Amino acid sequence: MGGKDRATGEGEKEFLSNYHPEKYACISITVDAIVFGVMKDTTDNYRKLDKQSLKILLVKRENYPYKDCYSLPGGFVGEKEPFEDTLQRVLTSKTGLTDIYSEQLYTFGSVERDPRMRIVSCAYISLVDINQAKIEGAEWFDIEDIQEMELAFDHRMIIEEALKRLRGKINYTDIVFHMMPQEFTISELQEVYEIILGKKLLQAAFRRTISEKLEDTGKMTSNAGHRPSRIFRYKKVPLVTAGMGE
């Protein structure tokens, strides 16, 4: 038993009454959200299919430090606030997103990561279907474009770690479907895998691997200038992923 359920003896009560936390260094904790999504970049050439790209959600800082630089959506954890509540508060207030998939990534605690004071960040990966997301106060950026941007704090390193996690999990979980629309072609799904993994996949092998996770909608695409393709959706089974905070 632990926490509130544990009985506190007289010796411990006396110890706690004489305990002085102010003797120790003051360290603040923040939560940062790495929000990924996939967006179609449309083309005017009807002979070419629209390409997809991996996007990340950033906010422009209005205050110092790093004023006018872009950063991950984040905020300070309240004194009695669970990390998951902070995450939801930050996402809602800074991006407008609610009820999206999130999982804890890592805790970043480099001594000089923030010029204001010692601040430790608990980072979360969040995944969203951009087609269904209503964003307020934040902007989507191509993951490749941010390589040329000056980001606040150590957020570039945090994003790199998040990408490693995403690439690592995509092969043994169904995490990718959190970023997919309800209906899609196998080619579109394969393209998302290739974007995240950074490499081409053999079409026949991919179809064999992914087929058991999909169900045919009975619909076909009708893109001008291209052969119709079957439209699928993810089977209505629980996504094999780690939950928030695990």
# chains A, B, ... in the order shown; residues from 1 in each chain; ligands from 1
>>> closest_atom_pairs(of="region 32-134 of chain A", to="region 154-176 of chain A", cutoff="8 Å", atoms="only C-alpha atoms", output="Markdown table")
| residue | atom | partner | partner_atom | distance |
| --- | --- | --- | --- | --- |
| A:Ile34 | CA | A:Ile159 | CA | 6.7 |
| A:Ser71 | CA | A:His155 | CA | 6.5 |
| A:Leu72 | CA | A:His155 | CA | 6.6 |
| A:Leu105 | CA | A:Ala162 | CA | 6.8 |
| A:Phe108 | CA | A:Ile158 | CA | 8.0 |
| A:Arg113 | CA | A:Asp154 | CA | 6.1 |
| A:Ala123 | CA | A:Ile158 | CA | 7.7 |
| A:Ile125 | CA | A:Ala162 | CA | 6.6 |
>>> select_by_dssp(residues="region 56-147 of chain A", states="alpha helix (DSSP H)", output="PyMOL selection string")
chain A and resi 83-95
>>> residues_around(residues="Glu212 (chain A)", least_positions_apart="4", cutoff="12 Å", atoms="only C-alpha atoms", output="PyMOL selection string")
chain A and resi 174+206-208+216+232-237
>>> residues_around(residues="Leu127 (chain A)", least_positions_apart="6", cutoff="8 Å", atoms="only C-alpha atoms", output="short mmCIF file (atom, residue, chain, number, x, y, z; two decimals) with N, CA and C atoms, in the first residue's frame")
data_model
loop_
_atom_site.label_atom_id
_atom_site.label_comp_id
_atom_site.auth_asym_id
_atom_site.auth_seq_id
_atom_site.Cartn_x
_atom_site.Cartn_y
_atom_site.Cartn_z
N VAL A 35 3.34 17.14 -31.22
CA VAL A 35 2.13 16.73 -31.92
C VAL A 35 2.46 16.46 -33.40
N PHE A 36 2.30 15.21 -33.81
CA PHE A 36 2.57 14.80 -35.19
C PHE A 36 1.25 14.59 -35.94
N GLY A 37 1.30 14.86 -37.23
CA GLY A 37 0.19 14.56 -38.12
C GLY A 37 0.70 14.42 -39.53
N ILE A 100 -7.04 13.67 -27.85
CA ILE A 100 -6.20 13.02 -28.86
C ILE A 100 -5.26 12.05 -28.18
N TYR A 101 -4.75 11.11 -28.95
CA TYR A 101 -3.85 10.10 -28.41
C TYR A 101 -2.54 10.72 -27.98
N SER A 102 -2.08 10.38 -26.77
CA SER A 102 -0.79 10.86 -26.27
C SER A 102 -0.12 9.77 -25.46
N HIS A 178 -3.54 6.44 -35.70
CA HIS A 178 -4.00 7.65 -35.02
C HIS A 178 -3.83 8.88 -35.92
N MET A 179 -3.00 8.77 -36.95
CA MET A 179 -2.76 9.89 -37.85
C MET A 179 -3.49 9.75 -39.18
#
>>> atom_distance(atom1="CA of Ser110 (chain A)", atom2="CA of Ala152 (chain A)")
14.3 Å
>>> select_by_dssp(residues="region 19-77 of chain A", states="strand (DSSP E or B)", output="NGL selection string")
:A and (28-41 or 51-60 or 70-71 or 74-76)
>>> atom_distance(atom1="CA of Met220 (chain A)", atom2="CA of Leu189 (chain A)")
15.2 Å
>>> closest_residue(among="A:Ala205, A:Gln52, A:Thr30, A:Glu144", to="Glu191 (chain A)", atoms="only C-alpha atoms")
A:Gln52
>>> residues_around(residues="Ile195 (chain A)", least_positions_apart="4", cutoff="9 Å", atoms="only C-alpha atoms", output="ChimeraX atom specification")
/A:52-54,190-191,199-200
>>> residues_around(residues="Cys26 (chain A)", least_positions_apart="5", cutoff="10 Å", atoms="only C-alpha atoms", output="PyMOL selection string")
chain A and resi 21+117-119
>>> residues_around(residues="Phe141 (chain A)", least_positions_apart="2", cutoff="8 Å", atoms="only C-alpha atoms", output="PyMOL selection string")
chain A and resi 55-58+139+143+145-146
>>> decode(residues="region 129-202 of chain A", atoms="C-alpha atoms", output="mmCIF file, in the first residue's frame")
data_model
loop_
_atom_site.group_PDB
_atom_site.id
_atom_site.type_symbol
_atom_site.label_atom_id
_atom_site.label_comp_id
_atom_site.auth_asym_id
_atom_site.auth_seq_id
_atom_site.Cartn_x
_atom_site.Cartn_y
_atom_site.Cartn_z
ATOM 1 C CA ASP A 129 -5.598 13.100 -37.909
ATOM 2 C CA ILE A 130 -4.971 16.545 -39.386
ATOM 3 C CA ASN A 131 -8.115 16.280 -41.510
ATOM 4 C CA GLN A 132 -10.219 16.211 -38.352
ATOM 5 C CA ALA A 133 -8.126 18.594 -36.237
ATOM 6 C CA LYS A 134 -9.230 22.167 -35.601
ATOM 7 C CA ILE A 135 -6.109 24.107 -34.709
ATOM 8 C CA GLU A 136 -6.153 27.418 -32.860
ATOM 9 C CA GLY A 137 -3.022 29.394 -32.015
ATOM 10 C CA ALA A 138 -0.496 26.956 -33.491
ATOM 11 C CA GLU A 139 0.905 26.148 -36.945
ATOM 12 C CA TRP A 140 1.779 22.978 -38.822
ATOM 13 C CA PHE A 141 5.330 22.699 -40.163
ATOM 14 C CA ASP A 142 6.897 20.105 -42.420
ATOM 15 C CA ILE A 143 9.275 18.022 -40.311
ATOM 16 C CA GLU A 144 12.051 18.698 -42.827
ATOM 17 C CA ASP A 145 11.554 22.479 -42.741
ATOM 18 C CA ILE A 146 12.219 22.754 -39.019
ATOM 19 C CA GLN A 147 15.826 21.715 -39.641
ATOM 20 C CA GLU A 148 16.396 25.268 -40.896
ATOM 21 C CA MET A 149 14.506 26.962 -38.056
ATOM 22 C CA GLU A 150 15.749 28.318 -34.743
ATOM 23 C CA LEU A 151 13.673 26.560 -32.118
ATOM 24 C CA ALA A 152 13.409 27.550 -28.468
ATOM 25 C CA PHE A 153 15.240 25.752 -25.657
ATOM 26 C CA ASP A 154 16.245 22.147 -26.484
ATOM 27 C CA HIS A 155 13.106 21.500 -28.498
ATOM 28 C CA ARG A 156 14.967 20.369 -31.604
ATOM 29 C CA MET A 157 16.544 17.550 -29.580
ATOM 30 C CA ILE A 158 13.162 16.664 -28.069
ATOM 31 C CA ILE A 159 11.661 16.424 -31.557
ATOM 32 C CA GLU A 160 14.518 14.173 -32.689
ATOM 33 C CA GLU A 161 13.892 11.842 -29.745
ATOM 34 C CA ALA A 162 10.171 11.818 -30.532
ATOM 35 C CA LEU A 163 10.895 10.846 -34.131
ATOM 36 C CA LYS A 164 13.072 7.970 -32.946
ATOM 37 C CA ARG A 165 10.233 6.729 -30.733
ATOM 38 C CA LEU A 166 7.690 7.039 -33.544
ATOM 39 C CA ARG A 167 9.943 5.180 -35.986
ATOM 40 C CA GLY A 168 10.657 2.502 -33.437
ATOM 41 C CA LYS A 169 7.008 1.838 -32.589
ATOM 42 C CA ILE A 170 5.537 1.974 -36.070
ATOM 43 C CA ASN A 171 6.832 -1.505 -36.916
ATOM 44 C CA TYR A 172 5.367 -3.359 -33.935
ATOM 45 C CA THR A 173 2.241 -1.353 -33.005
ATOM 46 C CA ASP A 174 -0.719 0.166 -34.826
ATOM 47 C CA ILE A 175 0.175 3.662 -33.644
ATOM 48 C CA VAL A 176 0.185 5.048 -37.196
ATOM 49 C CA PHE A 177 -3.599 4.785 -37.483
ATOM 50 C CA HIS A 178 -4.004 7.652 -35.017
ATOM 51 C CA MET A 179 -2.760 9.891 -37.849
ATOM 52 C CA MET A 180 -4.812 8.363 -40.658
ATOM 53 C CA PRO A 181 -8.261 9.444 -41.839
ATOM 54 C CA GLN A 182 -11.077 6.943 -41.413
ATOM 55 C CA GLU A 183 -10.771 5.817 -45.021
ATOM 56 C CA PHE A 184 -7.637 5.522 -47.157
ATOM 57 C CA THR A 185 -5.956 3.486 -49.867
ATOM 58 C CA ILE A 186 -3.164 1.027 -49.121
ATOM 59 C CA SER A 187 -0.837 3.194 -51.204
ATOM 60 C CA GLU A 188 -1.604 6.213 -49.003
ATOM 61 C CA LEU A 189 -0.983 4.152 -45.880
ATOM 62 C CA GLN A 190 2.295 2.803 -47.252
ATOM 63 C CA GLU A 191 3.400 6.337 -48.094
ATOM 64 C CA VAL A 192 2.871 7.367 -44.451
ATOM 65 C CA TYR A 193 4.978 4.431 -43.266
ATOM 66 C CA GLU A 194 7.708 5.405 -45.731
ATOM 67 C CA ILE A 195 7.637 9.064 -44.661
ATOM 68 C CA ILE A 196 8.049 8.155 -40.997
ATOM 69 C CA LEU A 197 10.654 5.433 -41.562
ATOM 70 C CA GLY A 198 12.546 7.472 -44.142
ATOM 71 C CA LYS A 199 12.839 4.633 -46.621
ATOM 72 C CA LYS A 200 10.960 2.882 -49.425
ATOM 73 C CA LEU A 201 9.071 -0.328 -48.698
ATOM 74 C CA LEU A 202 8.371 -3.215 -51.043
#
